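Structure below is query00.tsv: TSV, C-alpha atoms.
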chain	number	residue	atom	x	y	z
A	1	MET	CA	25.31	-36.16	-71.32
A	2	THR	CA	22.68	-35.51	-68.65
A	3	LEU	CA	21.91	-32.45	-66.55
A	4	GLN	CA	19.36	-34.31	-64.43
A	5	VAL	CA	19.18	-33.51	-60.71
A	6	GLN	CA	16.98	-34.57	-57.81
A	7	TYR	CA	15.35	-31.62	-56.04
A	8	LEU	CA	12.71	-31.96	-53.31
A	9	GLY	CA	12.14	-35.53	-54.43
A	10	PHE	CA	11.55	-34.66	-58.10
A	11	THR	CA	13.74	-35.62	-61.03
A	12	LEU	CA	14.40	-32.39	-62.91
A	13	ARG	CA	15.77	-32.26	-66.45
A	14	SER	CA	18.33	-29.66	-65.37
A	15	PRO	CA	19.27	-27.57	-62.32
A	16	LEU	CA	17.77	-24.43	-63.91
A	17	VAL	CA	14.69	-23.38	-61.95
A	18	ALA	CA	12.64	-20.26	-62.68
A	19	GLY	CA	12.49	-18.38	-59.38
A	20	ALA	CA	9.54	-16.36	-58.15
A	21	SER	CA	9.00	-13.30	-60.34
A	22	PRO	CA	6.29	-11.53	-62.36
A	23	LEU	CA	7.04	-14.05	-65.14
A	24	SER	CA	5.53	-16.84	-63.06
A	25	SER	CA	2.51	-14.85	-61.91
A	26	SER	CA	0.31	-15.88	-64.87
A	27	LEU	CA	-0.49	-19.09	-66.72
A	28	SER	CA	0.91	-17.73	-69.99
A	29	GLY	CA	4.15	-16.76	-68.28
A	30	ILE	CA	4.44	-20.18	-66.65
A	31	GLN	CA	3.92	-21.89	-70.02
A	32	GLN	CA	6.59	-19.70	-71.64
A	33	LEU	CA	9.06	-20.60	-68.91
A	34	GLU	CA	8.39	-24.31	-69.39
A	35	GLN	CA	8.81	-24.03	-73.16
A	36	ALA	CA	12.08	-22.13	-72.69
A	37	GLY	CA	13.52	-24.96	-70.60
A	38	ALA	CA	12.76	-24.26	-66.93
A	39	ALA	CA	13.08	-27.49	-64.96
A	40	ALA	CA	10.62	-26.26	-62.30
A	41	ILE	CA	8.87	-23.01	-61.47
A	42	VAL	CA	8.47	-21.14	-58.20
A	43	LEU	CA	5.35	-18.98	-58.05
A	44	PRO	CA	5.43	-15.49	-56.50
A	45	SER	CA	4.65	-15.49	-52.80
A	46	LEU	CA	1.23	-15.23	-51.26
A	47	PHE	CA	1.62	-12.99	-48.20
A	48	GLU	CA	0.47	-13.58	-44.64
A	49	GLU	CA	-1.21	-10.15	-44.75
A	50	GLN	CA	-3.28	-11.13	-47.77
A	51	ILE	CA	-4.65	-14.22	-46.07
A	52	VAL	CA	-5.37	-12.29	-42.88
A	53	LYS	CA	-7.04	-9.43	-44.77
A	54	GLU	CA	-9.32	-11.75	-46.70
A	55	ALA	CA	-10.30	-13.51	-43.50
A	56	ILE	CA	-11.17	-10.16	-41.97
A	57	ALA	CA	-13.19	-9.18	-45.05
A	58	GLU	CA	-15.18	-12.40	-44.75
A	59	LYS	CA	-15.68	-11.75	-41.01
A	60	GLN	CA	-14.19	-15.09	-40.16
A	61	TYR	CA	-11.72	-13.59	-37.71
A	62	THR	CA	-13.36	-10.37	-36.53
A	63	ASP	CA	-11.09	-10.14	-33.51
A	64	LEU	CA	-8.24	-9.24	-35.85
A	65	SER	CA	-10.02	-6.25	-37.41
A	66	GLY	CA	-7.89	-3.17	-37.61
A	67	LYS	CA	-4.62	-5.00	-37.00
A	68	TYR	CA	-3.69	-4.90	-40.67
A	69	ALA	CA	-5.55	-1.71	-41.57
A	70	LYS	CA	-2.49	-0.27	-43.30
A	71	PHE	CA	-3.01	-2.77	-46.14
A	72	SER	CA	-5.74	-0.90	-48.00
A	73	THR	CA	-6.81	-3.40	-50.65
A	74	LEU	CA	-5.96	-6.87	-51.86
A	75	GLU	CA	-5.03	-5.20	-55.14
A	76	ASP	CA	-1.83	-4.10	-53.40
A	77	TYR	CA	-0.51	-7.58	-54.14
A	78	TYR	CA	-0.31	-10.00	-57.04
A	79	PHE	CA	-3.11	-12.24	-55.86
A	80	SER	CA	-6.03	-12.77	-53.61
A	81	PRO	CA	-5.81	-16.13	-51.82
A	82	GLU	CA	-8.49	-17.60	-54.10
A	83	SER	CA	-6.85	-16.38	-57.32
A	84	TYR	CA	-3.57	-17.87	-56.08
A	85	LEU	CA	-5.17	-21.27	-55.64
A	86	HIS	CA	-6.76	-20.90	-59.08
A	87	LEU	CA	-3.36	-20.22	-60.66
A	88	ILE	CA	-1.95	-23.39	-59.11
A	89	ARG	CA	-4.88	-25.44	-60.46
A	90	GLU	CA	-4.46	-23.96	-63.94
A	91	ALA	CA	-0.71	-24.47	-63.99
A	92	LYS	CA	-0.97	-28.09	-62.92
A	93	ASN	CA	-3.45	-28.75	-65.73
A	94	LYS	CA	-1.28	-27.13	-68.40
A	95	VAL	CA	2.38	-27.82	-67.62
A	96	GLN	CA	4.37	-30.96	-66.90
A	97	ILE	CA	7.14	-29.58	-64.70
A	98	PRO	CA	6.87	-29.18	-60.91
A	99	ILE	CA	5.03	-26.12	-59.65
A	100	ILE	CA	6.38	-24.82	-56.34
A	101	ALA	CA	4.05	-22.49	-54.47
A	102	SER	CA	5.36	-19.88	-52.06
A	103	LEU	CA	4.07	-18.45	-48.78
A	104	ASN	CA	5.58	-15.32	-47.27
A	105	GLY	CA	5.08	-14.69	-43.56
A	106	LYS	CA	6.69	-13.30	-40.45
A	107	SER	CA	4.83	-14.69	-37.45
A	108	PRO	CA	3.48	-18.05	-36.25
A	109	GLY	CA	-0.29	-18.19	-36.58
A	110	TRP	CA	-3.39	-19.68	-38.11
A	111	TRP	CA	-2.45	-18.35	-41.57
A	112	CYS	CA	0.06	-21.23	-41.75
A	113	ARG	CA	-2.92	-23.53	-42.30
A	114	PHE	CA	-3.34	-22.04	-45.76
A	115	ALA	CA	-0.46	-24.32	-46.75
A	116	LYS	CA	-2.95	-27.19	-46.64
A	117	LYS	CA	-5.14	-25.50	-49.27
A	118	ILE	CA	-2.08	-25.05	-51.46
A	119	GLU	CA	-1.39	-28.75	-51.19
A	120	GLU	CA	-5.03	-29.68	-51.89
A	121	VAL	CA	-5.17	-27.79	-55.20
A	122	GLY	CA	-2.14	-29.67	-56.49
A	123	ALA	CA	1.07	-27.74	-55.78
A	124	ASP	CA	4.03	-30.11	-56.04
A	125	ALA	CA	5.96	-28.42	-53.23
A	126	LEU	CA	5.93	-25.32	-51.07
A	127	GLU	CA	8.65	-22.75	-50.57
A	128	LEU	CA	8.31	-20.86	-47.31
A	129	ASN	CA	9.71	-17.35	-47.63
A	130	ILE	CA	10.15	-15.93	-44.13
A	131	PHE	CA	10.60	-12.15	-44.41
A	132	TRP	CA	11.06	-10.45	-41.08
A	133	MET	CA	13.07	-7.31	-40.40
A	134	PRO	CA	13.33	-7.04	-36.60
A	135	THR	CA	13.50	-3.43	-35.39
A	136	ASP	CA	12.72	-4.00	-31.72
A	137	MET	CA	16.06	-3.49	-29.97
A	138	ASP	CA	14.86	-5.44	-26.94
A	139	GLN	CA	14.11	-8.58	-28.95
A	140	SER	CA	16.79	-11.25	-28.63
A	141	ALA	CA	18.28	-13.24	-31.48
A	142	ASP	CA	17.12	-16.43	-29.80
A	143	SER	CA	13.47	-15.31	-29.77
A	144	ILE	CA	13.67	-14.40	-33.47
A	145	GLU	CA	15.08	-17.81	-34.32
A	146	MET	CA	12.41	-19.59	-32.26
A	147	PHE	CA	9.61	-17.61	-33.95
A	148	THR	CA	11.03	-18.57	-37.34
A	149	LEU	CA	11.31	-22.24	-36.46
A	150	ASP	CA	7.77	-22.21	-35.04
A	151	ILE	CA	6.46	-21.03	-38.43
A	152	VAL	CA	8.29	-23.86	-40.17
A	153	ARG	CA	6.99	-26.47	-37.72
A	154	LEU	CA	3.41	-25.24	-38.06
A	155	VAL	CA	3.54	-25.42	-41.85
A	156	ARG	CA	5.26	-28.81	-41.78
A	157	GLN	CA	2.42	-30.18	-39.65
A	158	GLU	CA	-0.13	-29.07	-42.24
A	159	ILE	CA	1.32	-30.60	-45.41
A	160	GLN	CA	2.82	-33.79	-46.76
A	161	ILE	CA	4.32	-32.28	-49.93
A	162	PRO	CA	8.01	-31.30	-49.90
A	163	LEU	CA	8.84	-28.11	-48.02
A	164	ALA	CA	11.71	-25.74	-48.76
A	165	VAL	CA	12.58	-22.67	-46.69
A	166	LYS	CA	14.12	-19.54	-48.15
A	167	ILE	CA	16.38	-18.40	-45.35
A	168	SER	CA	18.02	-15.15	-44.33
A	169	PRO	CA	21.83	-14.72	-44.37
A	170	PHE	CA	21.70	-12.64	-41.19
A	171	TYR	CA	21.56	-15.34	-38.52
A	172	THR	CA	24.47	-15.30	-36.07
A	173	ASN	CA	25.23	-18.90	-37.09
A	174	VAL	CA	23.74	-19.80	-40.47
A	175	GLY	CA	24.98	-23.38	-40.22
A	176	ASN	CA	23.30	-23.96	-36.87
A	177	MET	CA	20.00	-22.55	-38.16
A	178	ALA	CA	20.26	-24.73	-41.25
A	179	LYS	CA	20.66	-27.77	-39.00
A	180	ARG	CA	17.63	-26.72	-36.92
A	181	PHE	CA	15.54	-26.21	-40.07
A	182	GLN	CA	16.43	-29.76	-41.10
A	183	ALA	CA	15.33	-31.01	-37.68
A	184	ALA	CA	12.04	-29.12	-38.15
A	185	GLY	CA	11.34	-31.25	-41.22
A	186	VAL	CA	12.31	-29.18	-44.25
A	187	ASN	CA	13.41	-30.91	-47.44
A	188	GLY	CA	15.36	-28.04	-48.92
A	189	LEU	CA	16.97	-24.70	-48.14
A	190	VAL	CA	17.03	-21.76	-50.54
A	191	LEU	CA	20.02	-19.47	-49.99
A	192	PHE	CA	19.38	-16.56	-49.59
A	193	ASN	CA	16.33	-14.40	-49.05
A	194	ARG	CA	16.80	-10.97	-50.65
A	195	PHE	CA	15.12	-8.20	-48.70
A	196	MET	CA	13.54	-5.06	-50.08
A	197	GLN	CA	15.83	-2.12	-49.32
A	198	PRO	CA	14.89	1.50	-48.62
A	199	GLY	CA	15.95	4.16	-51.09
A	200	ILE	CA	15.85	7.94	-50.79
A	201	ASN	CA	14.30	10.30	-53.31
A	202	THR	CA	16.35	13.42	-52.63
A	203	GLU	CA	14.10	15.64	-54.76
A	204	LYS	CA	10.87	14.71	-52.98
A	205	ILE	CA	12.71	14.05	-49.70
A	206	GLU	CA	10.99	10.75	-49.10
A	207	VAL	CA	11.81	7.11	-48.48
A	208	LYS	CA	10.74	4.55	-51.05
A	209	SER	CA	11.33	0.81	-51.00
A	210	GLN	CA	13.16	-0.59	-53.98
A	211	MET	CA	14.28	-3.93	-55.37
A	212	LEU	CA	17.18	-3.79	-57.82
A	213	LEU	CA	17.96	-6.49	-60.36
A	214	GLY	CA	20.67	-8.86	-59.23
A	215	THR	CA	24.22	-9.10	-60.58
A	216	SER	CA	26.73	-11.95	-60.62
A	217	ARG	CA	28.39	-10.49	-57.52
A	218	ASP	CA	25.27	-11.36	-55.55
A	219	THR	CA	26.19	-15.06	-55.75
A	220	PHE	CA	29.22	-14.79	-53.48
A	221	LEU	CA	27.38	-15.09	-50.16
A	222	SER	CA	25.30	-18.10	-51.19
A	223	LEU	CA	28.36	-19.67	-52.83
A	224	ARG	CA	30.25	-19.57	-49.52
A	225	TRP	CA	27.44	-21.04	-47.42
A	226	ILE	CA	26.36	-23.69	-49.89
A	227	GLY	CA	30.00	-24.77	-50.02
A	228	ILE	CA	30.08	-25.02	-46.23
A	229	LEU	CA	26.75	-26.83	-45.85
A	230	PHE	CA	27.10	-29.29	-48.73
A	231	ASP	CA	27.25	-32.93	-47.64
A	232	ARG	CA	26.77	-31.97	-43.99
A	233	LEU	CA	22.98	-31.85	-44.12
A	234	LYS	CA	20.39	-34.18	-45.65
A	235	VAL	CA	18.51	-31.39	-47.40
A	236	ASP	CA	18.71	-30.04	-50.93
A	237	LEU	CA	20.46	-26.71	-51.38
A	238	ALA	CA	19.10	-24.17	-53.86
A	239	ALA	CA	21.01	-21.04	-54.82
A	240	THR	CA	19.20	-17.82	-55.66
A	241	GLY	CA	20.31	-14.27	-56.29
A	242	GLY	CA	22.72	-13.20	-59.01
A	243	VAL	CA	22.53	-16.25	-61.29
A	244	ILE	CA	22.94	-14.28	-64.52
A	245	GLU	CA	25.44	-16.14	-66.71
A	246	PRO	CA	26.28	-19.85	-67.15
A	247	ASN	CA	29.49	-19.36	-65.16
A	248	ASP	CA	27.45	-18.23	-62.15
A	249	ALA	CA	25.49	-21.48	-62.21
A	250	ILE	CA	28.64	-23.56	-62.73
A	251	GLN	CA	30.36	-22.03	-59.70
A	252	LEU	CA	27.35	-22.60	-57.47
A	253	ILE	CA	26.96	-26.22	-58.57
A	254	LEU	CA	30.70	-26.82	-58.05
A	255	VAL	CA	30.29	-25.90	-54.37
A	256	GLY	CA	27.21	-28.09	-54.01
A	257	ALA	CA	24.02	-26.36	-55.16
A	258	THR	CA	21.35	-28.85	-56.20
A	259	VAL	CA	19.55	-26.25	-58.31
A	260	VAL	CA	20.05	-22.60	-59.21
A	261	MET	CA	17.10	-20.22	-59.40
A	262	LEU	CA	16.97	-17.51	-62.04
A	263	CYS	CA	14.96	-14.33	-61.66
A	264	SER	CA	16.73	-11.09	-62.63
A	265	ALA	CA	18.34	-12.69	-65.69
A	266	LEU	CA	14.94	-13.80	-66.98
A	267	LEU	CA	13.30	-10.46	-66.26
A	268	LYS	CA	16.07	-8.70	-68.16
A	269	ASN	CA	16.61	-11.14	-71.04
A	270	GLY	CA	13.33	-13.04	-71.27
A	271	PRO	CA	12.54	-16.73	-70.68
A	272	GLU	CA	14.69	-17.75	-73.68
A	273	HIS	CA	17.76	-16.93	-71.56
A	274	LEU	CA	17.23	-20.35	-69.98
A	275	ASN	CA	18.35	-21.89	-73.26
A	276	ILE	CA	21.59	-19.89	-73.18
A	277	MET	CA	22.20	-21.02	-69.61
A	278	GLU	CA	21.63	-24.67	-70.47
A	279	LYS	CA	23.95	-24.54	-73.49
A	280	GLY	CA	26.60	-22.95	-71.31
A	281	LEU	CA	26.38	-25.81	-68.81
A	282	VAL	CA	26.56	-28.43	-71.55
A	283	ASN	CA	29.55	-26.78	-73.26
A	284	TRP	CA	31.45	-26.53	-69.98
A	285	MET	CA	30.78	-30.17	-69.13
A	286	ASP	CA	31.86	-31.27	-72.59
A	287	LYS	CA	35.07	-29.24	-72.30
A	288	HIS	CA	35.94	-30.82	-68.95
A	289	GLY	CA	34.91	-34.36	-69.81
A	290	TYR	CA	31.85	-34.77	-67.59
A	291	SER	CA	28.90	-36.86	-68.74
A	292	SER	CA	26.57	-36.05	-65.83
A	293	LEU	CA	26.09	-33.13	-63.51
A	294	GLU	CA	26.38	-35.30	-60.41
A	295	GLU	CA	30.00	-36.10	-61.32
A	296	TRP	CA	31.08	-32.58	-60.44
A	297	ARG	CA	28.44	-31.17	-58.11
A	298	GLY	CA	30.09	-30.33	-54.80
A	299	LEU	CA	33.59	-30.93	-56.15
A	300	LEU	CA	34.77	-27.63	-54.66
A	301	SER	CA	32.67	-27.67	-51.48
A	302	GLN	CA	34.47	-27.12	-48.21
A	303	LYS	CA	34.29	-30.81	-47.41
A	304	ARG	CA	35.84	-31.90	-50.71
A	305	CYS	CA	38.13	-29.15	-51.96
A	306	PRO	CA	41.90	-29.39	-51.38
A	307	ASP	CA	41.95	-26.16	-49.34
A	308	PRO	CA	38.87	-26.11	-47.06
A	309	GLU	CA	40.08	-23.02	-45.18
A	310	THR	CA	39.31	-21.03	-48.32
A	311	PHE	CA	35.71	-20.86	-47.06
A	312	GLU	CA	36.76	-19.41	-43.71
A	313	ARG	CA	39.09	-16.75	-42.26
A	314	ALA	CA	42.13	-17.84	-44.27
A	315	GLN	CA	40.47	-16.62	-47.46
A	316	TYR	CA	39.99	-13.17	-45.94
A	317	ILE	CA	43.57	-12.92	-44.69
A	318	ASN	CA	45.13	-14.20	-47.92
A	319	SER	CA	43.06	-11.80	-50.02
A	320	LEU	CA	44.15	-8.81	-47.95
A	321	ILE	CA	47.80	-9.86	-48.09
A	322	LEU	CA	47.60	-10.32	-51.86
A	323	ASP	CA	45.95	-6.94	-52.33
A	324	ARG	CA	48.57	-5.28	-50.15
A	325	GLU	CA	51.35	-6.84	-52.23
A	326	LYS	CA	49.66	-5.38	-55.32
A	327	GLY	CA	49.68	-1.96	-53.72
A	328	ASN	CA	46.00	-1.86	-52.74
A	329	GLU	CA	46.12	-0.58	-49.16
A	330	TYR	CA	42.98	-1.26	-47.08
A	331	TRP	CA	44.25	-0.41	-43.60

Please lay out the structure from this file as structure tokens.
Amino acid sequence: MTLQVQYLGFTLRSPLVAGASPLSSSLSGIQQLEQAGAAAIVLPSLFEEQIVKEAIAEKQYTDLSGKYAKFSTLEDYYFSPESYLHLIREAKNKVQIPIIASLNGKSPGWWCRFAKKIEEVGADALELNIFWMPTDMDQSADSIEMFTLDIVRLVRQEIQIPLAVKISPFYTNVGNMAKRFQAAGVNGLVLFNRFMQPGINTEKIEVKSQMLLGTSRDTFLSLRWIGILFDRLKVDLAATGGVIEPNDAIQLILVGATVVMLCSALLKNGPEHLNIMEKGLVNWMDKHGYSSLEEWRGLLSQKRCPDPETFERAQYINSLILDREKGNEYW
């Protein structure tokens, strides 16, 4: 029995990838994840603002001074740009599995050239995490999409290593954007980006950003879109968000995910949870008579399943009818 998959051109021992989290922000954490069975590791993101701020500090781009003044110190983040490069070098010297670096940005610009430095220090691939919350009501959807694609094209021009893009679920047509990302030269898509959400402290009467741990319910959105995109694009599809139990991973692979990325489950249960996930996959495959993961990946995608309309409006209508028959009135 083999769990091997091909992701971003690499042969991975399993589809279980450690997503970006505090666990992968240090060499010791990266080594623990490898020992626990991670097939690859995504490092936490280095932010556009960090690169810009360091450039300002070094007076390399003095014309930008003051633009990012609200970012008080580099200590606000995990890394300085140099310490990030150092972590990649260390990791590549100490572990055998692929190390995927991550850049987080929101605007096309010279900071995209930092991708080249990431490649030069040995990163196996780069995941581009585009985090942009548009609040300008006069900005069109088309301009937002073009800005996003411009970032991808700029980064693609800088590097030869595989490039994945962690995309938002909020595009008007996710499938069309996925197709345009492929045309821009990406090798993989990570579905979906999970944005920081505002919370309210009612005692102090203040707004505070928060990121809650994921649950299995968080997989539903990526499950739908991976199922729709599978076998229609020539890019790898990674699922992230809510992969907590083996059954979550199995469902996502059944609709076509190449790999599944774990974050919340590892933060809550520790790196050893990877072993539980792997055993769950093996036991399920043994029960259903599969000897390799590729035999069943995508089996229930929209293109292959007996009822493709399940991924579209019919699923919504049927669910409401069924609930109404059970006495659950929603209208």

Using only C-alpha atoms, can you tell me which of A:Pro169, A:Ser264, A:Ser107, A:Leu189 comes closest to Leu221 (chain A)?
A:Pro169

Between CA of Asn129 (chain A) and CA of Glu54 (chain A) lies a distance of 19.9 Å

Å distance separating CA of Gly122 (chain A) from CA of Gln35 (chain A), one decimal place
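So the two atoms, CA of Gly122 (chain A) and CA of Gln35 (chain A), lie 20.7 Å apart.
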
Hey, which bits of region 221-315 of chain A sit within 7 Å of region 1-5 of chain A, and for each residue what's the closest pair of atoms and how far apart in Å (one decimal), counting only C-alpha atoms, rows by chain and increasing number, as a tab-separated table?
residue	atom	partner	partner_atom	distance
A:Thr258	CA	A:Val5	CA	6.8
A:Ser291	CA	A:Met1	CA	4.5
A:Ser292	CA	A:Thr2	CA	4.8
A:Leu293	CA	A:Leu3	CA	5.2

Centre and edge lengths of an axis-aligned box around all listed atoms of region 118-135 of chain A, with 6 Å added on each side, are to be given in Å to one decimal, as AutoDock Vina command-line options.
--center_x 4.2 --center_y -16.8 --center_z -45.9 --size_x 30.7 --size_y 38.7 --size_z 33.1

Smallest atom-to-atom distance to Ile97 (chain A): which of A:Asp138, A:Glu34, A:Asp248, A:Glu119, using only C-alpha atoms?
A:Glu34

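Nearest-residue note for Leu43 (chain A): choosing from A:Glu278, A:Glu82, A:Asp124, A:Glu203, the minimum distance belongs to A:Asp124, counting only C-alpha atoms.
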
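Put simply, CA of Glu206 (chain A) is 28.6 Å away from CA of Ala20 (chain A).
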
Mind checking which residues fall within 9 Å of Pro108 (chain A), counting all atoms listed in the file, ignoring those fewer than 5 positions away in the same chain, and posting them as a compact mmCIF listing (two decimals) with C-alpha atoms, keeping the file's coordinate frame?
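Here's the written file out_11.txt:
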# COMPACT_ATOMS: atom_id res chain seq x y z
CA PHE A 147 9.61 -17.61 -33.95
CA THR A 148 11.03 -18.57 -37.34
CA LEU A 149 11.31 -22.24 -36.46
CA ASP A 150 7.77 -22.21 -35.04
CA ILE A 151 6.46 -21.03 -38.43
CA VAL A 152 8.29 -23.86 -40.17
CA LEU A 154 3.41 -25.24 -38.06

Write out as a PDB file with C-alpha atoms, keeping the file's coordinate frame the residues lying within 10 Å of Cys112 (chain A), counting only C-alpha atoms and excluding same-chain residues fewer than 3 positions away.
ATOM      1  CA  GLU A  48       0.470 -13.580 -44.640  1.00  0.00           C
ATOM      2  CA  ILE A  51      -4.650 -14.220 -46.070  1.00  0.00           C
ATOM      3  CA  LEU A 103       4.070 -18.450 -48.780  1.00  0.00           C
ATOM      4  CA  ASN A 104       5.580 -15.320 -47.270  1.00  0.00           C
ATOM      5  CA  GLY A 105       5.080 -14.690 -43.560  1.00  0.00           C
ATOM      6  CA  SER A 107       4.830 -14.690 -37.450  1.00  0.00           C
ATOM      7  CA  PRO A 108       3.480 -18.050 -36.250  1.00  0.00           C
ATOM      8  CA  GLY A 109      -0.290 -18.190 -36.580  1.00  0.00           C
ATOM      9  CA  ALA A 115      -0.460 -24.320 -46.750  1.00  0.00           C
ATOM     10  CA  LYS A 116      -2.950 -27.190 -46.640  1.00  0.00           C
ATOM     11  CA  LEU A 128       8.310 -20.860 -47.310  1.00  0.00           C
ATOM     12  CA  ILE A 151       6.460 -21.030 -38.430  1.00  0.00           C
ATOM     13  CA  VAL A 152       8.290 -23.860 -40.170  1.00  0.00           C
ATOM     14  CA  ARG A 153       6.990 -26.470 -37.720  1.00  0.00           C
ATOM     15  CA  LEU A 154       3.410 -25.240 -38.060  1.00  0.00           C
ATOM     16  CA  VAL A 155       3.540 -25.420 -41.850  1.00  0.00           C
ATOM     17  CA  ARG A 156       5.260 -28.810 -41.780  1.00  0.00           C
ATOM     18  CA  GLN A 157       2.420 -30.180 -39.650  1.00  0.00           C
ATOM     19  CA  GLU A 158      -0.130 -29.070 -42.240  1.00  0.00           C
TER      20      GLU A 158
END

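Among the candidates A:Cys305, A:Val243, A:Val255, A:Met133, the one nearest to Leu223 (chain A) when counting only C-alpha atoms is A:Val255.
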
Exercise: Ile253 (chain A) partners within 10 Å, all atoms listed in the file, chain neighbours under 2 positions left out, as a list of chain:residue names:
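With the cut-off at 10 Å, the set is A:Pro15, A:Leu223, A:Ile226, A:Gly227, A:Leu237, A:Ala238, A:Ala239, A:Asn247, A:Asp248, A:Ala249, A:Ile250, A:Gln251, A:Val255, A:Gly256, A:Ala257, A:Thr258, A:Val259, A:Val260, A:Leu293, A:Glu294, A:Trp296, A:Arg297, A:Gly298, A:Leu299, A:Leu300, A:Ser301.
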
Would you mind listing what lies within 12 Å of Arg180 (chain A) as a count of residues only, with all atoms listed in the file counted and same-chain residues fewer than 4 positions away left out?
20
